[in-house]
Amino acid sequence: MVRAENKGKISLVSIDNPPVNALNADVRQGLVKAVQAAAADPNVQAIVIASSGKTFTAGADIAEFGKLARPPSLPELIAALEKSPKPIVAAINGVALGGGLELALACHSRVASPDAKLGLPEVKLGLIPGSGGTQRLPRLIGAAAALQIMSSGEPVDAKAALSLGIVDAVAEGNLVETAMAQALNLARNGSWPLVSESTDRSTSEAREAFEVAAVEISRRAAEMPNVATLVELVRATFEMSFEEGLALEREQFLRLIADDRSKALRYVFFSERETARVPGLSRDTLPRPINRAAVIGAGTMGSGIAMCFANADIPVTVVETSGAALSRGMERIEGTYDVSVKRGTITSEEKERRIALIRGQVGLEAVGDADVVVEAVFEDMGVKKAIFSELDRFSRQGAILATNTSYLDINEIASATARPEDVVGLHFFSPANVMRLLEVVRTDKTAPDVVATALSLGRRLGKVPVVVGVCFGFVGNRMLARRTTAAERLLVDGALPHEVDAAVTQFGFRMGPFAMADLAGLDIGWRTRRSLGTKAAVADALCEAGRFGQKAGRGYYTYKEGDRTAHRDPEVEHLIEEVSYSLAVKRRTFTADEIIERLMYPMVNEGARILDERIAARTSDIDVIWLNGYNWPAWRGGPMYWADRVGLRRIAARLEVLSEESGDDSLEPARLLQRLASEERTFADLARERV
Ligand code: 3H9
């Protein structure tokens with residue numbers, strides 16, 4: 001785990017704990033021993049801490065959190081490093097995150113490789129840096145800059161780290177040799193700086209700049225208690241001694257690690273990584289190479305998907321049936337990139353570079369050189385089957401043939417080609433160039449290496465790919481449909497759109513279902529309902545009145561020209577009351593808790609069915625889908641994780657009542673939910689059983 005060797009007058013200590021050099025008990029113990037041995041060795045004048053592998057260290061071992069860990073603790077190790085009688089230099093290659101950066105901050109100098117990334121991402125786990133980071137980083141680079149880094153959780157690159165003063169040098173040549181030279185310099189000088197003793201940055205200007213940053217940051221993260229704590233701890237660097245600040249940091253870290261929100265966020269961290277483990281797919285299944293893509297259809301989804309490829313440096317051909325449709329698509333792409341340039345997220349040169357990667361062409365023969373073809377035309381089985389049968393002729397052997405359908409049967413689509421084993425669903429979420437979720441839909445015949453390719457391609461596109469099976473709506477939309485029905489029913493039974501939306505935003509979503517429907521446009525659902533022969537009395541009545549949502553200036557709410565603020569509309573509320581009256585429903589009021597129950601329990605119920613049918617391999621996959629495709633609040637862990645906390649027994653009992661009251665059989669507790677509830681078990685227990 002930790003190796004030490006003498007290189008001349010230097011003890012070179014290397015951390016070797018693949019895959020990411022997490023600082024578990026063995027590593028901590030190894031480091032303390034190595035530094036003690038170096039201190040006692042008369043031939044050693046200085047120490048360099050480096051790493052084997054591509055990562056300096058990803059920080060504390062998150063898997064140890066909540067368990068009794070063997071000593072020394074990370075704070076103990078870090079204190080020992082800073083107090084070392086011989087200077088220590090950190091040679092940082094790859095990433096230095098969390099406790100990894102905190103360890104480097106306790107060293108007496110830091111040298112980074114040009115590709116290094118340094119950060120304190122604890123905030124994303126509902127925590128704060130807990131090994132001195134909140135006290136050392138402000139003393140090193142100033143409180144405002146340190147607060148920005150710690151509250152965003154985003155790493156900075158080596159160049160930025162150098163200009164901020166986090167590292168003392170970026171090694172142009174060999175990193176370890178540069179660090180060794182630096183270590184010898186410090187030893188020769190006979191003295192070295194301790195970040196904990198620095199007071200250079202504690203000026204009144206620095207305090208002012210910090211207070212300004214603190215106001216903005218506290219406002220943005222109101223629901224996360226750890227961000228307020230972070231602000232308090234950075235403020236302490238002006239008001240307390242280093243030791244007092246450190247003690248306060250420790251106290252707060254231990255409080256937060258026991259907080260339910262942090263537990264949920266740690267679950268999310270591991271769940272997202274768990275999605276890579278796909279039943280029936282071994283680590284030896286090699287993905288096919290993808291050097292060029294084609295997207296069929298230049299509508300909203302098609303152009304968004306094309307941008308995903310260009311953003312990942314993969315040349316892509318957009319295929320349409322007419323020059324006019326193609327021009328509209330290319331204009332949409334250009335317009336979206338223009339917005340990014342205006343917002344400063346990309347430069348205009350970068351925009352041009354990306355657009356140059358997108359080629360537009362009329363006619364399916366243009367897919368000929370693509371390694372992956374994504375069909376993104378409108379939802380019509382006949383049209384899709386015709387395209388897939390033509391792909392046999394135009395697409396090269398071995399190409400992945402993907403469809404972006406959001407609910408059609410992909411087994412049937414695949415039956416139209418002579419190569420069903422190459423067919424897979426790549427279900428992007430709108431806007432495709434923004435949303436992180438990618439449902440990878442495996443059909444009965446999809447070849448394992450096609451699934452592996454879809455997963456690795458998804459990651460290359462910056463997505464979180466989750467493998468699911470074929471069913472109507474797959475995982476995300478199938479569950480969403482239950483929420484949509486429940487939301488409509490709430491209106492009929494007595495609630496108003498703003499009451500439902502308020503309960504949902506209070507729960508932690510950024511938007512409620514009705515504000516969301518207005519944003520997406522009500523006409524899409526209306527068209528789908530008509531094609532399926534289903535009804536939603538309120539939504540249908542709004543569409544009949546031409547209230548298609550934000551784009552029409554009117555939907556569940558009213559909007560002023562050029563303004564997305566939703567305003568209550570008495571006309572809508574009257575219309576809803578009329579619907580209730582026509583259905584002979586006696587309206588009543590609902591509390592926020594009742595609204596949440598009615599919206600979320602049916603979704604959890606559908607999730608249980610999805611698990612029972614093995615459409616999703618595990619509960620955490622369902623949670624990852626909701627977190628990344630539907631903005632489920634991360635600190636609540638996802639719908640299935642949340643359900644375990646509510647209690648499955650309670651959910652099953654409430655569903656029985658709701659089903660009876662409404663006469664809707666789909667609300668009857670699913671078989672799996674009933675079984676788990678009666679056995680007093682959880683979805684998490686089921687996940688452990690299925691491993
Ligand atoms: C902390 O440091 C607290 C301190 O302030 C105070 C303590 C007292 N621990 O993401 P990948 C595993 S909090 C345990 O797929 P990549 C991960 O589960 C920590 N395991 O690779 C996966 O396992 P598997 C602050 C970890 O190349 C494997 O490594 N640090 C940890 O895409 C590969 O991970 C963070 O929050 C860990 N710390 O990305 C950093 N990190 O193969 C969190 C990773 O079994 N980590 N694993 O599924 C990351 O951001 C990314 O993993 C990293 C690599 C960028 C390092």
# chains A, B, ... in the order shown; residues from 1 in each chain; ligands from 1
$ residues_around --residues "Lys124 in chain A" --least-positions-apart "2" --cutoff "12 Å" --atoms "only C-alpha atoms" --output "PyMOL selection string"
chain A and resi 97-98+119-122+126-129+149-155+221+224-227+261-269+634-635
$ residues_around --residues "Gln506 in chain A" --least-positions-apart "5" --cutoff "10 Å" --atoms "only C-alpha atoms" --output "list in words"
Glu223, Val500, Asp501, Met511, Gly512, Ala592 and Ile596 of chain A
$ write_last_selection --atoms "C-alpha atoms" --output "PDB file, in the first residue's frame"
ATOM      1  CA  GLU A 223     -31.058  23.337   1.469  1.00  0.00           C
ATOM      2  CA  VAL A 500     -48.931  20.633  -6.102  1.00  0.00           C
ATOM      3  CA  ASP A 501     -45.862  22.382  -7.519  1.00  0.00           C
ATOM      4  CA  MET A 511     -39.717  22.328 -10.557  1.00  0.00           C
ATOM      5  CA  GLY A 512     -43.130  20.898  -9.887  1.00  0.00           C
ATOM      6  CA  ALA A 592     -48.190  19.063   1.225  1.00  0.00           C
ATOM      7  CA  ILE A 596     -46.158  13.983  -1.868  1.00  0.00           C
TER       8      ILE A 596
END
$ closest_atom_pairs --of "chain A" --to "ligand 1" --cutoff "7 Å" --atoms "only C-alpha atoms and all ligand atoms" --output "Markdown table"
| residue | atom | partner | partner_atom_place_in_ligand_line | distance |
| --- | --- | --- | --- | --- |
| A:Pro19 | CA | ligand 1 | 29 (O) | 5.5 |
| A:Val20 | CA | ligand 1 | 29 (O) | 5.4 |
| A:Ala22 | CA | ligand 1 | 9 (N) | 5.2 |
| A:Ala58 | CA | ligand 1 | 56 (C) | 4.6 |
| A:Gly59 | CA | ligand 1 | 2 (O) | 3.9 |
| A:Ala60 | CA | ligand 1 | 2 (O) | 3.8 |
| A:Asp61 | CA | ligand 1 | 9 (N) | 3.5 |
| A:Ile62 | CA | ligand 1 | 9 (N) | 3.9 |
| A:Ala63 | CA | ligand 1 | 14 (C) | 5.3 |
| A:Ser73 | CA | ligand 1 | 8 (C) | 6.9 |
| A:Leu74 | CA | ligand 1 | 8 (C) | 5.3 |
| A:Pro75 | CA | ligand 1 | 8 (C) | 6.3 |
| A:Val95 | CA | ligand 1 | 56 (C) | 6.6 |
| A:Leu97 | CA | ligand 1 | 30 (N) | 5.1 |
| A:Gly98 | CA | ligand 1 | 2 (O) | 3.7 |
| A:Gly99 | CA | ligand 1 | 2 (O) | 3.6 |
| A:Gly100 | CA | ligand 1 | 2 (O) | 6.5 |
| A:Leu120 | CA | ligand 1 | 25 (C) | 6.7 |
| A:Pro121 | CA | ligand 1 | 36 (O) | 5.1 |
| A:Glu122 | CA | ligand 1 | 13 (S) | 5.1 |
| A:Leu125 | CA | ligand 1 | 36 (O) | 6.8 |
| A:Ile128 | CA | ligand 1 | 5 (O) | 6.4 |
| A:Pro129 | CA | ligand 1 | 5 (O) | 3.6 |
| A:Gly130 | CA | ligand 1 | 6 (C) | 3.7 |
| A:Ser131 | CA | ligand 1 | 6 (C) | 4.8 |
| A:Gly133 | CA | ligand 1 | 5 (O) | 7.0 |
| A:Phe270 | CA | ligand 1 | 18 (O) | 5.6 |
| A:Arg273 | CA | ligand 1 | 48 (O) | 4.8 |
| A:Glu274 | CA | ligand 1 | 48 (O) | 5.8 |
$ select_by_dssp --residues "range 7-249 of chain A" --states "strand (DSSP E)" --output "PyMOL selection string"
chain A and resi 7+10-15+46-51+88-92+95-97+109-112+117-119+156-157+169-170
$ closest_atom_pairs --of "range 468-495 of chain A" --to "range 416-431 of chain A" --cutoff "12 Å" --atoms "only C-alpha atoms" --output "JSON lines"
{"residue": "A:Val468", "atom": "CA", "partner": "A:Gly425", "partner_atom": "CA", "distance": 9.2}
{"residue": "A:Gly469", "atom": "CA", "partner": "A:Gly425", "partner_atom": "CA", "distance": 9.3}
{"residue": "A:Val470", "atom": "CA", "partner": "A:Gly425", "partner_atom": "CA", "distance": 8.8}
{"residue": "A:Cys471", "atom": "CA", "partner": "A:Gly425", "partner_atom": "CA", "distance": 11.5}
{"residue": "A:Gly473", "atom": "CA", "partner": "A:His427", "partner_atom": "CA", "distance": 10.0}
{"residue": "A:Phe474", "atom": "CA", "partner": "A:His427", "partner_atom": "CA", "distance": 9.1}
{"residue": "A:Val475", "atom": "CA", "partner": "A:His427", "partner_atom": "CA", "distance": 10.6}
{"residue": "A:Gly476", "atom": "CA", "partner": "A:Phe429", "partner_atom": "CA", "distance": 9.9}
{"residue": "A:Asn477", "atom": "CA", "partner": "A:Phe429", "partner_atom": "CA", "distance": 10.2}
$ write_last_selection --atoms "C-alpha atoms" --output "PDB file, in the first residue's frame"
ATOM      1  CA  VAL A 468     -32.447  -1.224 -18.716  1.00  0.00           C
ATOM      2  CA  GLY A 469     -34.744  -3.725 -20.427  1.00  0.00           C
ATOM      3  CA  VAL A 470     -37.507  -3.245 -22.964  1.00  0.00           C
ATOM      4  CA  CYS A 471     -40.940  -2.185 -21.702  1.00  0.00           C
ATOM      5  CA  GLY A 473     -41.432   3.898 -21.295  1.00  0.00           C
ATOM      6  CA  PHE A 474     -38.437   1.887 -19.969  1.00  0.00           C
ATOM      7  CA  VAL A 475     -37.626   2.840 -16.364  1.00  0.00           C
ATOM      8  CA  GLY A 476     -37.776   6.622 -16.093  1.00  0.00           C
ATOM      9  CA  ASN A 477     -40.809   7.466 -18.205  1.00  0.00           C
TER      10      ASN A 477
END
